[in-house]
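> Please see the structure below; I have some questions.
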Amino acid sequence: MNGASGEGRLTLEDLKEKMANFAKERDWDQFHSPRNLLLALWKDEVPRGLPNWEEQEKLHLGEELSDVLLYLVRLSDNCGIDLCKAVLRKLELNAIKYPIGLCKGSSKKHNQIKTSPETTATVAGAAADATTSTTSNDMYDLFD
């Protein structure tokens with residue numbers, strides 16, 4: 001599938017537009033409340049790893065993962081969230097919360113690692129900046 005940006009590349013903006021048109025053409029906006037879109041994400045669990053998977057099973061998993069991405073793009077559009085900006089902001093916040101020198105090879109949460117007072121102040125300031133956006137700060141706590 002070619003995106004509007006050409007050369008076989010599909011941007012999130014292209015995907016958002018395609019999903020909005022897809023839903024509009026089918027009169028599905030009435031069913032696409034944020035709650036319904038979130039509930040649609042929860043499917044059966046996929047076993048960890050892909051050992052001995054047949055090609056058809058891998059294709060099916062790709063379809064399920066695609067559903068997750070499509071619902072996420074639709075949900076973000078429905079809620080007025082600029083997903084690209086939110087992702088970039090989240091990456092910046094996580095880079096501050098999880099400095100390489102302190103976190104490399106560790107699965108500890110940011111509040112379990114030893115940071116300097118400067119790092120703590122930087123994280124607090126960055127988090128405060130993020131909350132001034134149109135999104136809830138809770139959105140940024142999902143994967144930190």
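Identifiers for the structure tokens are assigned positionally: chains receive A, B, ... in sequence, residues are indexed from 1 per chain, and ligands are indexed from 1 in the order shown.
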Can you pull out the residues contacting stretch 25-34 of chain A? Cut-off 8 Å, using only C-alpha atoms, and skip same-chain residues under 4 positions away; I want them as JSON, numbers by chain.
{"A": [21, 38, 75, 78, 79]}
> I need the residues from that last selection saved to file as a PDB file, in the first residue's frame (with all heavy atoms), if you can.

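again_13.pdb, freshly written:
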```
ATOM      1  N   ASN A  21     -11.155   8.226   6.918  1.00  0.00           N
ATOM      2  CA  ASN A  21     -11.985   8.026   5.722  1.00  0.00           C
ATOM      3  C   ASN A  21     -12.649   6.654   5.725  1.00  0.00           C
ATOM      4  O   ASN A  21     -13.820   6.520   5.371  1.00  0.00           O
ATOM      5  CB  ASN A  21     -11.159   8.209   4.453  1.00  0.00           C
ATOM      6  CG  ASN A  21     -10.773   9.647   4.213  1.00  0.00           C
ATOM      7  OD1 ASN A  21     -11.421  10.567   4.693  1.00  0.00           O
ATOM      8  ND2 ASN A  21      -9.690   9.846   3.476  1.00  0.00           N
ATOM      9  N   LEU A  38     -10.466   1.593  22.662  1.00  0.00           N
ATOM     10  CA  LEU A  38      -9.563   0.946  23.616  1.00  0.00           C
ATOM     11  C   LEU A  38      -9.923  -0.519  23.823  1.00  0.00           C
ATOM     12  O   LEU A  38      -9.057  -1.389  23.844  1.00  0.00           O
ATOM     13  CB  LEU A  38      -9.587   1.676  24.957  1.00  0.00           C
ATOM     14  CG  LEU A  38      -8.796   2.968  25.011  1.00  0.00           C
ATOM     15  CD1 LEU A  38      -9.126   3.738  26.283  1.00  0.00           C
ATOM     16  CD2 LEU A  38      -7.313   2.684  24.929  1.00  0.00           C
ATOM     17  N   LEU A  75      -7.750   5.957  17.597  1.00  0.00           N
ATOM     18  CA  LEU A  75      -8.011   6.475  18.935  1.00  0.00           C
ATOM     19  C   LEU A  75      -7.330   7.824  19.140  1.00  0.00           C
ATOM     20  O   LEU A  75      -7.936   8.759  19.664  1.00  0.00           O
ATOM     21  CB  LEU A  75      -7.535   5.471  19.998  1.00  0.00           C
ATOM     22  CG  LEU A  75      -7.678   5.903  21.449  1.00  0.00           C
ATOM     23  CD1 LEU A  75      -9.144   6.110  21.815  1.00  0.00           C
ATOM     24  CD2 LEU A  75      -7.036   4.859  22.358  1.00  0.00           C
ATOM     25  N   ASN A  78      -9.251  10.375  17.194  1.00  0.00           N
ATOM     26  CA  ASN A  78     -10.543  10.597  17.833  1.00  0.00           C
ATOM     27  C   ASN A  78     -10.408  11.476  19.079  1.00  0.00           C
ATOM     28  O   ASN A  78     -11.294  12.269  19.382  1.00  0.00           O
ATOM     29  CB  ASN A  78     -11.152   9.235  18.206  1.00  0.00           C
ATOM     30  CG  ASN A  78     -12.577   9.318  18.654  1.00  0.00           C
ATOM     31  OD1 ASN A  78     -12.826   9.698  19.784  1.00  0.00           O
ATOM     32  ND2 ASN A  78     -13.497   8.936  17.781  1.00  0.00           N
ATOM     33  N   CYS A  79      -9.290  11.362  19.783  1.00  0.00           N
ATOM     34  CA  CYS A  79      -9.057  12.133  21.012  1.00  0.00           C
ATOM     35  C   CYS A  79      -8.317  13.442  20.758  1.00  0.00           C
ATOM     36  O   CYS A  79      -8.056  14.197  21.689  1.00  0.00           O
ATOM     37  CB  CYS A  79      -8.260  11.295  22.007  1.00  0.00           C
ATOM     38  SG  CYS A  79      -9.168   9.874  22.631  1.00  0.00           S
TER      39      CYS A  79
END
```
> Using only C-alpha atoms, determine which residues lie at most 12 Å from A:Lys108, disregarding the query and same-chain residues fewer than 5 positions distant; provide the list as a list in words.
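Using only C-alpha atoms, the neighbours found are Lys97, Tyr98, Pro99, Leu102, Cys103, Ile113, Lys114 and Asp144 of chain A.
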> Excluding same-chain residues fewer than 2 positions from A:Lys16, what lies within 10 Å of it counting only C-alpha atoms, as a list of chain:residue names?
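With the cut-off at 10 Å, the set is A:Thr11, A:Leu12, A:Glu13, A:Asp14, A:Lys18, A:Met19, A:Ala20, A:Asn21, A:Phe22, A:Leu70, A:Tyr71, A:Leu72, A:Val73, A:Arg74, A:Leu75, A:Ser76, A:Asp77, A:Asn78, A:Leu83.
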